[in-house]
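Coordinates from data_37.csv are shown below (CSV, C-alpha atoms and all ligand atoms).
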```csv
chain,number,residue,atom,x,y,z
A,1,MET,CA,90.8,127.5,87.6
A,2,SER,CA,91.8,124.2,89.3
A,3,TRP,CA,94.4,124.4,92.1
A,4,GLN,CA,96.9,122.5,90.0
A,5,ARG,CA,97.3,125.5,87.7
A,6,GLN,CA,97.8,128.1,90.4
A,7,ILE,CA,101.6,128.2,90.7
A,8,LYS,CA,103.1,130.8,92.9
A,9,VAL,CA,106.7,131.7,93.1
A,10,LYS,CA,107.6,132.8,96.7
A,11,SER,CA,110.0,135.7,97.6
A,12,PRO,CA,112.8,135.0,100.0
A,13,ALA,CA,110.8,136.8,102.7
A,14,GLU,CA,107.8,134.5,102.1
A,15,ILE,CA,110.0,131.5,102.2
A,16,LYS,CA,111.3,132.7,105.6
A,17,VAL,CA,107.7,132.7,106.9
A,18,MET,CA,107.1,129.2,105.4
A,19,ARG,CA,110.3,128.0,107.2
A,20,GLU,CA,108.8,129.3,110.5
A,21,ALA,CA,105.6,127.5,109.7
A,22,GLY,CA,107.6,124.4,108.9
A,23,HIS,CA,109.4,124.6,112.2
A,24,ILE,CA,106.2,124.8,114.1
A,25,ASN,CA,104.8,121.9,112.1
A,26,ALA,CA,107.8,119.8,112.9
A,27,THR,CA,107.4,120.7,116.6
A,28,VAL,CA,103.8,119.4,116.4
A,29,LEU,CA,104.8,116.1,114.7
A,30,ALA,CA,107.7,115.6,117.2
A,31,ALA,CA,105.2,116.0,120.1
A,32,VAL,CA,102.8,113.5,118.5
A,33,LYS,CA,105.6,111.0,117.8
A,34,GLU,CA,106.5,111.0,121.5
A,35,LEU,CA,103.0,109.7,122.3
A,36,LEU,CA,103.0,106.7,120.0
A,37,GLN,CA,102.5,103.9,122.5
A,38,PRO,CA,99.9,101.1,122.9
A,39,GLY,CA,96.7,102.3,124.4
A,40,VAL,CA,96.9,105.9,123.2
A,41,THR,CA,93.9,106.8,121.1
A,42,THR,CA,94.1,108.6,117.8
A,43,ALA,CA,91.9,111.4,119.3
A,44,ASP,CA,94.6,111.8,122.0
A,45,LEU,CA,97.1,112.4,119.3
A,46,ASN,CA,94.9,115.0,117.6
A,47,ALA,CA,94.4,116.8,121.0
A,48,ALA,CA,98.1,116.9,121.6
A,49,ALA,CA,98.7,118.3,118.1
A,50,GLU,CA,96.1,121.0,118.7
A,51,GLU,CA,97.6,122.0,122.0
A,52,VAL,CA,101.0,122.5,120.4
A,53,LEU,CA,99.5,124.4,117.4
A,54,LYS,CA,97.5,126.6,119.9
A,55,SER,CA,100.7,127.4,121.9
A,56,HIS,CA,102.2,128.9,118.7
A,57,GLY,CA,99.0,130.8,117.9
A,58,CYS,CA,98.4,128.5,114.8
A,59,VAL,CA,95.7,126.3,113.4
A,60,SER,CA,95.8,123.4,111.0
A,61,PRO,CA,94.5,123.9,107.4
A,62,PHE,CA,93.1,120.4,107.7
A,63,LYS,CA,90.3,121.4,110.0
A,64,ASP,CA,87.0,121.8,108.1
A,65,TYR,CA,88.8,121.2,104.8
A,66,GLY,CA,86.8,119.7,101.9
A,67,HIS,CA,83.5,117.9,101.7
A,68,PRO,CA,82.4,116.6,104.1
A,69,PRO,CA,84.4,119.0,106.2
A,70,TYR,CA,87.4,117.2,107.7
A,71,PRO,CA,86.8,117.2,111.5
A,72,ALA,CA,90.3,117.2,112.9
A,73,SER,CA,93.7,119.0,112.8
A,74,ILE,CA,95.8,116.0,111.9
A,75,THR,CA,95.2,112.8,110.0
A,76,VAL,CA,96.1,109.5,111.7
A,77,CYS,CA,96.4,106.3,109.7
A,78,ILE,CA,97.1,102.8,111.1
A,79,ASN,CA,98.5,99.9,109.1
A,80,ASP,CA,96.4,99.5,105.9
A,81,GLU,CA,95.1,103.1,106.2
A,82,MET,CA,97.2,105.2,103.8
A,83,VAL,CA,96.0,108.8,104.2
A,84,HIS,CA,93.2,111.0,105.6
A,85,GLY,CA,92.3,108.8,108.6
A,86,ILE,CA,90.1,110.6,111.1
A,87,PRO,CA,91.1,110.6,114.8
A,88,HIS,CA,88.6,108.8,117.0
A,89,PRO,CA,88.4,108.6,120.8
A,90,LYS,CA,87.8,104.8,120.7
A,91,ARG,CA,90.6,104.0,118.3
A,92,LYS,CA,93.6,102.8,120.3
A,93,LEU,CA,97.2,102.1,119.1
A,94,LYS,CA,98.5,98.6,119.5
A,95,GLU,CA,101.9,97.1,119.8
A,96,GLY,CA,103.3,96.4,116.3
A,97,ASP,CA,101.1,99.0,114.5
A,98,ILE,CA,102.5,101.4,112.1
A,99,VAL,CA,101.0,104.9,112.3
A,100,SER,CA,101.1,107.7,109.8
A,101,ILE,CA,100.6,111.2,111.1
A,102,ASP,CA,100.0,114.1,108.7
A,103,CYS,CA,99.8,117.7,109.9
A,104,GLY,CA,99.6,121.2,108.5
A,105,THR,CA,100.3,124.5,110.1
A,106,ILE,CA,99.0,127.9,109.1
A,107,HIS,CA,101.4,130.6,110.3
A,108,ASN,CA,101.3,134.3,109.2
A,109,GLY,CA,99.2,133.4,106.2
A,110,PHE,CA,101.4,130.5,104.9
A,111,VAL,CA,101.0,126.8,105.2
A,112,ALA,CA,103.5,124.0,106.0
A,113,ASP,CA,102.6,120.4,105.3
A,114,SER,CA,104.5,117.3,106.5
A,115,ALA,CA,103.9,113.7,107.5
A,116,PHE,CA,105.8,110.7,108.9
A,117,THR,CA,105.1,107.0,109.7
A,118,ALA,CA,106.5,105.3,112.7
A,119,GLY,CA,106.0,102.0,114.6
A,120,VAL,CA,104.3,101.4,117.9
A,121,GLY,CA,106.8,99.3,119.9
A,122,GLU,CA,108.3,96.3,118.0
A,123,ILE,CA,107.2,96.1,114.3
A,124,SER,CA,107.6,93.4,111.7
A,125,SER,CA,110.6,93.4,109.4
A,126,GLN,CA,108.2,93.9,106.5
A,127,ALA,CA,106.8,97.1,108.2
A,128,ALA,CA,110.3,98.3,109.0
A,129,LYS,CA,111.3,97.9,105.3
A,130,LEU,CA,108.2,99.7,104.2
A,131,LEU,CA,109.0,102.7,106.5
A,132,GLU,CA,112.6,102.8,105.3
A,133,VAL,CA,111.7,102.6,101.6
A,134,THR,CA,109.0,105.3,101.9
A,135,GLU,CA,111.2,107.7,103.7
A,136,GLY,CA,114.0,106.9,101.2
A,137,ALA,CA,111.6,107.6,98.3
A,138,LEU,CA,110.8,111.0,99.8
A,139,TYR,CA,114.6,111.9,99.9
A,140,ALA,CA,115.1,110.6,96.4
A,141,GLY,CA,112.4,113.0,95.3
A,142,ILE,CA,113.7,115.9,97.3
A,143,ASP,CA,117.2,115.4,95.7
A,144,LYS,CA,115.6,116.2,92.3
A,145,MET,CA,114.0,119.4,93.6
A,146,ARG,CA,116.6,121.5,91.8
A,147,LYS,CA,116.4,124.6,89.5
A,148,GLY,CA,116.0,123.5,85.9
A,149,ASN,CA,114.7,120.0,86.7
A,150,ARG,CA,111.1,119.1,85.9
A,151,THR,CA,108.3,117.7,88.1
A,152,GLY,CA,108.6,114.5,86.1
A,153,ASP,CA,112.2,114.1,87.3
A,154,VAL,CA,110.9,114.2,90.9
A,155,SER,CA,108.0,111.8,90.2
A,156,ALA,CA,110.2,109.3,88.3
A,157,ALA,CA,112.8,109.3,91.1
A,158,ILE,CA,110.2,108.5,93.7
A,159,GLN,CA,108.6,105.8,91.6
A,160,LYS,CA,112.0,104.2,90.8
A,161,TYR,CA,113.1,104.2,94.4
A,162,VAL,CA,109.9,102.4,95.5
A,163,GLU,CA,109.6,100.0,92.7
A,164,ASP,CA,113.4,99.1,92.8
A,165,ASN,CA,112.6,98.0,96.4
A,166,GLY,CA,109.8,95.8,95.3
A,167,LEU,CA,107.0,97.9,96.7
A,168,HIS,CA,104.1,99.9,95.2
A,169,VAL,CA,103.4,103.6,95.0
A,170,THR,CA,100.0,105.3,94.8
A,171,ARG,CA,98.7,106.7,91.5
A,172,GLU,CA,95.8,108.8,92.7
A,173,TYR,CA,97.4,110.8,95.5
A,174,THR,CA,100.1,113.3,94.7
A,175,GLY,CA,102.5,115.9,96.0
A,176,HIS,CA,101.5,119.6,95.4
A,177,GLY,CA,102.6,123.1,95.5
A,178,VAL,CA,102.0,124.8,98.9
A,179,GLY,CA,102.0,128.4,100.0
A,180,ARG,CA,99.2,130.7,101.1
A,181,LYS,CA,97.0,127.7,100.2
A,182,MET,CA,97.5,124.1,101.2
A,183,HIS,CA,97.1,123.0,97.6
A,184,GLU,CA,98.6,125.0,94.8
A,185,GLY,CA,100.3,124.0,91.6
A,186,PRO,CA,102.3,122.3,90.4
A,187,GLN,CA,100.9,118.9,91.1
A,188,VAL,CA,103.7,116.4,91.6
A,189,PRO,CA,102.6,112.8,91.2
A,190,ASN,CA,104.4,109.9,92.8
A,191,VAL,CA,104.9,108.2,89.5
A,192,GLY,CA,106.1,109.9,86.3
A,193,ILE,CA,108.5,110.2,83.4
A,194,ALA,CA,111.8,112.1,83.8
A,195,GLY,CA,112.2,115.1,81.6
A,196,THR,CA,108.5,115.9,81.4
A,197,GLY,CA,106.2,118.2,83.4
A,198,PHE,CA,106.6,121.7,84.9
A,199,GLN,CA,110.1,123.2,85.1
A,200,LEU,CA,111.3,123.9,88.6
A,201,ARG,CA,112.6,127.4,89.5
A,202,PRO,CA,113.8,129.0,92.7
A,203,GLY,CA,111.0,130.2,94.9
A,204,LEU,CA,108.7,127.2,94.2
A,205,THR,CA,107.6,125.5,97.4
A,206,ILE,CA,106.3,121.9,97.0
A,207,ALA,CA,105.0,119.3,99.4
A,208,LEU,CA,106.4,115.9,98.3
A,209,GLU,CA,104.6,113.0,99.7
A,210,PRO,CA,105.2,109.4,98.6
A,211,MET,CA,102.6,107.0,99.8
A,212,VAL,CA,103.8,103.4,99.5
A,213,LEU,CA,101.9,100.1,99.7
A,214,VAL,CA,103.2,96.6,100.2
A,215,GLY,CA,100.8,94.6,98.0
A,216,THR,CA,99.2,96.8,95.4
A,217,HIS,CA,99.1,100.4,94.2
A,218,GLU,CA,95.3,100.3,94.4
A,219,THR,CA,93.3,102.0,97.1
A,220,ARG,CA,89.7,102.6,98.2
A,221,VAL,CA,88.0,105.2,100.3
A,222,LEU,CA,86.0,104.1,103.4
A,223,PRO,CA,82.4,105.0,103.9
A,224,ASP,CA,83.5,108.0,106.1
A,225,GLN,CA,84.4,109.6,102.8
A,226,TRP,CA,87.9,110.4,104.0
A,227,THR,CA,90.0,107.4,105.0
A,228,VAL,CA,92.0,105.9,102.1
A,229,VAL,CA,93.1,102.3,102.6
A,230,SER,CA,95.1,99.8,100.5
A,231,ALA,CA,92.7,97.8,98.3
A,232,ASP,CA,94.2,94.5,99.5
A,233,GLY,CA,94.5,95.3,103.2
A,234,SER,CA,98.3,95.4,103.0
A,235,LEU,CA,100.4,97.8,105.0
A,236,THR,CA,101.0,101.4,103.8
A,237,ALA,CA,103.3,104.3,104.8
A,238,HIS,CA,103.5,108.0,104.1
A,239,PHE,CA,106.3,110.5,104.5
A,240,GLU,CA,106.0,114.2,103.5
A,241,HIS,CA,108.1,117.4,103.6
A,242,THR,CA,107.5,120.9,102.3
A,243,VAL,CA,110.6,121.8,100.2
A,244,ALA,CA,111.7,125.0,98.5
A,245,VAL,CA,113.6,125.1,95.2
A,246,THR,CA,116.6,127.4,95.5
A,247,GLU,CA,119.5,128.4,93.4
A,248,GLY,CA,121.4,125.5,95.0
A,249,GLU,CA,120.5,122.7,97.3
A,250,PRO,CA,116.8,121.9,98.0
A,251,LEU,CA,115.7,123.5,101.2
A,252,ILE,CA,113.5,121.3,103.5
A,253,LEU,CA,111.2,123.7,105.3
A,254,THR,CA,109.4,121.2,107.6
A,255,VAL,CA,112.2,120.4,110.0
A,256,LEU,CA,113.0,121.5,113.5
B,1,MG,MG,100.2,116.4,104.4
B,2,MG,MG,100.3,117.4,101.3
```
In C-alpha cells, write the structure found in this file.
Amino acid sequence: MSWQRQIKVKSPAEIKVMREAGHINATVLAAVKELLQPGVTTADLNAAAEEVLKSHGCVSPFKDYGHPPYPASITVCINDEMVHGIPHPKRKLKEGDIVSIDCGTIHNGFVADSAFTAGVGEISSQAAKLLEVTEGALYAGIDKMRKGNRTGDVSAAIQKYVEDNGLHVTREYTGHGVGRKMHEGPQVPNVGIAGTGFQLRPGLTIALEPMVLVGTHETRVLPDQWTVVSADGSLTAHFEHTVAVTEGEPLILTVL
C-alpha cells in the first residue's frame, strides 16, 4: 500500500506528543534562523540543527531517508532551489540570498515537519513578496484545516492565494499526513478543487507545505538526485507547518 493511503487518526495523547515534537522542531528552526548571515555554510546550518536535536535526545527523519539515502538532518535551499537541497561545507550564504530550511524531528515515536524561508541581509522586493505570499498561502491552507472540509478545500485555498498574487505553485510536491511516519495519507497537493478529496476529521495531522515559484510552476531535479530547482532559475520559497484538525480551530503543532 502506498503511503498516501495510510491515514491514521491520532488520539489526544498522541497529538500531545506530536505537539512536543513540533516544539522541539520549532526550536531547531529558530536556532538555524539565527545563523543566517553571509559567509555561513549550509553544512554549518546542518551541524547547528543536529546539535539542538541531540540536546533534546532527538534525530531527524530526513537522515538516510529515501534513495539515494539523504545525507543530512535538514534541507537547505538557496534562491532557485525549492526543496531537498543538501548541506555542503563549501556552500556559503551571501547577502541577498533567500534560504529555505526544512527540518523534521522524531520525538517519542512521532514526527514533526516544518520549514521556513528567510532572507540573508537585505533582499530584493521581489524576494520579499515571494516570502510573504508563500507564508500567506500556508496560513490560507491552515485556515481550511477544519472538521468536515475536504483536502481539496485546503489545496484550492493555497493555489488561489498564490495565483491571485501572480506567482506559481508547484504541482509535483505536496503536503502530507504525518505521524509515526514522516509521510502518511492523506496527500494534500498545493493545487486542487474545493469540495473534492478526503474529508477532514479531528485527530488528523497534516504537514501543509506550499512551494512557490516566481516564474513557472515547473521544476527539475539536479544530478545529486535530491535538489529540486525551478526550471527557469527563478526564485522559490517554501513554508511548512504540521497542523492537527480538531473539533474547533486548526492546531499548529510546529510552533515554539
Ligand atoms: Mg518538511
Ligand atoms: Mg513535509
Close residues to ligand MG 1 (chain B) using all atoms listed in the file, limit 10 Å, as a ChimeraX atom specification: /A:61-62,74-75,83-84,101-105,112-116,175-176,182-183,207-209,238-242
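Within 12 Å of Gln126 (chain A), once all atoms listed in the file are used and residues closer than 2 positions along the same chain are dropped, the contacting residues are Asn79, Gly96, Asp97, Ile98, Gly119, Glu122, Ile123, Ser124, Ala128, Lys129, Leu130, Leu131, Glu132, Val133, Asn165, Gly166, Leu167, Leu213, Val214, Gly215, Ser234, Leu235, Thr236 and Ala237 of chain A.
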Write out as a VMD selection string which residues come within 8 Å of Gly141 (chain A) when counting all atoms listed in the file, dropping same-chain ones fewer than 6 positions away. chain A and resid 154 to 155 157 to 158 208
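For the choices A:Leu256, A:Leu200, A:Val111, A:Val32, the atom-to-atom distance to ligand MG 2 (chain B) is smallest for A:Val111 when using only C-alpha atoms and all ligand atoms.
Neighbours of Trp226 (chain A) closer than or equal to 10 Å, with all atoms listed in the file counted and sequence neighbours fewer than 2 positions away skipped, come out as Gly66, His67, Pro68, Pro69, Tyr70, Thr75, Val83, His84, Gly85, Ile86, Arg220, Val221, Leu222, Pro223, Asp224, Val228 and Val229 of chain A.
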Write out as a ChimeraX atom specification which residues come within 8 Å of Arg5 (chain A) when counting only C-alpha atoms, dropping same-chain ones fewer than 2 positions away. /A:1-3,7,184-186
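The interatomic distance for the pair CA of Gly192 (chain A) and CA of Met211 (chain A) works out to 14.2 Å.
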From the options A:Phe198, A:Phe110, A:Tyr139, A:Tyr161, which residue's atoms come nearest to Ala13 (chain A), counting only C-alpha atoms? A:Phe110
